[in-house]
Structure formats: structure tokens, C-alpha cells
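What follows is a short report on a single structure.
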Amino acid sequence: MHIPDGFLDPKISGGLAGIAAVVLSYCFSKVRQAVTAVVPEAALAAAGKGAQSIMVGSRRVLTKFGQSFILKMGAVASLVFAAQMFNFPINSGTSGHLLGGVLAAVLLGPFAGSLVIAAVLLVQSFFFADGGLLALGANIINMAVFGALISYYIYVSLKKFFPEWLAIMVAAWLSVMMASFICALEIGFSGTIPLGTAISAMVRVHAIIGLAEALITIALFNLFRQVMPAQEET
Amino acid sequence: MMKKIIFLAILIAALAAFFASSHPDGLDKVAESFGFAEKAIDHPAFMTGYSLPFLPAGHISTAAAGIIGVLFFLGLFQGIKIFFSAR
């Protein structure tokens with residue numbers, strides 16, 4: 001669902017890039033809080049780490065948990081990137097691929113999860129020309145903000161009523177539906193095709209792609225949890 | 001522990017090309033059906049279309065590009081960890 005350049009009105013892609021930057025900054029600050037701790041200078045000096053900061057009294061350092069968490073983010077990013085390369089066939093000459101938003105958010109928490117998806121989209125656009133440069137903000141809104149961040153809270157509310165596996169699968173399906181709906185709105189409001197046409201065409205095809213998203217998400221989630229037991233999320 | 005996930009990611013990236021469907025994905029299909037596919041402007045990139053510039057386009061080239069991508073993410077986050085640890 002990577003939008004290339006040319007599909008969107010530059011006013012829309014520019015505005016969405018601005019919103020994406022604000023949301024990602026907030027996510028970054030939340031993750032930073034979770035992986036660092038404020039340590040008094042005296043303690044650092046005692047550990048031989050040198051206390052030259054002008055900041056009075058204390059500074060932020062990466063915790064042990066933070067170190068392993070960042071590496072876990074890297075592992076999830078590479079797994080999502082690799083899985084996105086696997087295009088599965090659906091009906092009538094169409095294929096789909098994993099978005100991975102719910103997978104990343106369930107494994108890492110909503111903030112780190114959406115940062116990881118945004119990083120994947122950035123690398124795909126810069127190095128593989130998969131998704132446009134101007135459209136990067138729109139793609140981040142669709143797949144990282146709606147696909148991971150907002151979908152995570154849907155997963156959390158579903159988990160109150162359903163078992164975890166079902167909540168993950170339903171949230172994964174809904175994440176694809178939401179992303180395709182927002183993507184259709186962007187294309188429709190850009191005047192590329194009429195809004196109603198865009199919505200019905202995008203949502204209909206992604207209702208099927210979403211089923212595969214749900215299956216792949218739960219399979220990779222179970223694999224990941226077997227290898228790496230549940231940890232704190234951010 | 002993490003090694004198994006990394007191994008899995010490399011394995012998927014290497015094999016995906018051989019099994020992946022070459023049909024357009026959901027959005028591309030909609031773009032083709034409603035006649036706005038030709039509006040797409042591709043910017044130049046190092047591995048456009050997931051294939052290496054110095055290998056003929058094909059499954060092997062895509063597999064290599066995928067493995068490079070996976071290794072890039074591992075390096076990127078390792079770098080972030082080192083950057084923030086050093087302060």
C-alpha cells in the first residue's frame with residue numbers, strides 16, 4: 001500500500017508529512033523516556049564514566065533494558081521489512097503483502113512499534129523507491145500511525161473481551177482496513193479519482209488482504225514469543 | 001535469542017523473491033483498474049524495484065537486495081544503541 005509520488009496533491013502530502021513528523025516526535029520522546037534513566041552525576045563519576053555535563057546534578061543514560069530494547073526494535077524492523085517482501089497472491093491478478101503495524105506494536109508497544117514501521121517505510125522509500133519521497137508522510141500516517149499506533153489501542157480494547165490471539169488477528173485485519181480507507185481518502189481528496197470510487201475499490205480489495213495480514217501477524221507473533229518471552233513494552 | 005529472529009528475517013528476505021507473487025499489490029491494482037497508474041513518478045534510488053544495480057534483475061538480485069535491507073536495519077539500530085550508550 002505504498003503510495004508513490006504523483007498520486008497525491010502536494011498540499012495534501014506536505015500537510016500529512018507535517019502531522020507525521022509531530023506524531024513521530026511524540027513517539028520518540030515516549031521511547032526515549034522508556035529506555036533511559038536519569039542518573040545522578042555522582043553515581044556516574046563513581047563508575048568512572050566522567051561527569052563533565054554542565055547540567056546540574058544528573059543526566060540521562062541508556063538503561064540495560066534500553067540497550068536490549070533498541071536491539072529488539074532492530075530485530076522487529078528487519079523481520080517486518082523481510083516479511084513485506086513476500087507478496088502473496090489474492091484474487092484476480094492482485095497480490096498483497098504484510099504491513100506489520102500490529103505485529104510491531106504488539107511486540108514493542110505502540111510508540112516503538114510505530115517508530116519501527118516509520119523506519120521501514122523511510123528505508124523502503126530512500127533505498128528501494130518503494131513509496132514516494134513526497135508521499136512518505138502520507139505512507140507513515142497510513143501504515144505507522146493508523147496501522148500501528150491507533151491499531152494498538154484497538155488491540156488493547158479487544159483484549160478486554162477476547163483472548164489475546166483473537167484480539168491480535170482482529171486488530172491486524174482492522175489495521176489494514178483503516179490504512180486502506182485513509183489511503184483512499186488521501187487519493188480521493190487529491191482529485192486523482194472520485195472519493196467514493198477510491199474508498200470502495202481500496203477497502204474491498206484490502207478486506208481480503210487483511211485476512212492474510214491477520215494470519216501472518218499471529219504466526220510471526222507466536223514465533224517471536226517462542227524465541228523471546230514477553231518483555232516490558234514502552 | 002535475538003539471533004534466531006535475525007536468522008528468520010534473513011531467511012524470509014532471501015526466499016521471499018522466489019515465492020512472491022509478481023502481481024501488483026492492492027493499491028497498484030486499483031491504480032491500474034482506474035487508470036491512474038501512469039501518474040506514478042519513481043524517484044531514483046539505489047535498489048529500485050528491490051534489485052541490485054550491478055546484477056541483472058531477477059530472483060537472485062531481489063534476494064540479495066532483501067538481505068542487504070535486513071542487515072541495514074540491524075546495523076541502523078545497533079548504531080542507535082551505540083550512539084545513545086556513549087553519552
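Following the order of the C-alpha cells, chains are lettered A, B, ..., residues in each are numbered from 1, and ligands are numbered from 1.
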Q) Got a sec: who's within 8 Å of segment 118-121 of chain A, counting only C-alpha atoms, leaving out chain neighbours fewer than 4 positions off, as a ChimeraX atom specification? A) /A:77,80-81,114,125,131,136,139-140,143-144
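For segment 39-77 of chain B, backbone-based DSSP assignment of helix (DSSP H, G or I) covers Lys39, Thr48, Gly49, Tyr50, His59, Ile60, Ser61, Thr62, Ala63, Ala64, Ala65, Gly66, Ile67, Ile68, Gly69, Val70, Leu71, Phe72, Phe73, Leu74, Gly75, Leu76 and Phe77 of chain B.
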Q.
Could you tell me which residues of chain A sit within 7 Å of chain B when counting only C-alpha atoms, and give me the result as an MDAnalysis selection string?
A. chainID A and resid 1 4:7 61:62 67 70:71 74:75 77:79 81:83 85:89 93:96 126:129 201:202 205:206 227:228
Q: Write out as a ChimeraX atom specification which residues come within 7 Å of Gln84 of chain A when counting only C-alpha atoms, dropping same-chain ones fewer than 6 positions away.
A: /A:97-99
Could you save those same residues with C-alpha atoms as a short mmCIF file (atom, residue, chain, number, x, y, z; two decimals), in the first residue's frame?
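Final output, saved to again.cif:
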data_model
loop_
_atom_site.label_atom_id
_atom_site.label_comp_id
_atom_site.auth_asym_id
_atom_site.auth_seq_id
_atom_site.Cartn_x
_atom_site.Cartn_y
_atom_site.Cartn_z
CA HIS A 97 1.84 -8.03 1.49
CA LEU A 98 2.17 -7.64 5.23
CA LEU A 99 2.02 -4.12 6.69
#
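In this model, the gap between atom CA of Gly15 of chain A and atom CA of His2 of chain A comes to 17.5 Å.
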Q: Kindly indicate which residue among A:Ser200, A:Leu24, A:Pro40, A:Lys64 lies nearest to Leu149 of chain A, using only C-alpha atoms for the distances.
A: A:Leu24
Q: Do a neighbour search on segment 193-199 of chain A at 9 Å with only C-alpha atoms, toss out local chain neighbours closer than 3 positions, and write the hits as a list of chain:residue names.
A: A:Ser180, A:Phe181, A:Ile182, A:Cys183, A:Ala184, A:Leu185, A:Glu186, A:Ile187, A:Gly188, A:Phe189, A:Ser190, A:Met202, A:Val203, A:Arg204, B:Val30, B:Phe34, B:Gly35, B:Phe36
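Reported to one decimal place, the separation of atom CA of Gly14 of chain A from atom CA of Gly137 of chain A is 7.3 Å.
Coordinates place atom CA of Val76 of chain A at a distance of 13.8 Å from atom CA of Ala230 of chain A.
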Q: Find the residues around Ala214 of chain A up to 12 Å (only C-alpha atoms counted), leave out those fewer than 2 positions away in its own chain, and share them as a PyMOL selection string.
A: chain A and resi 97-103+165-177+206-212+216-221
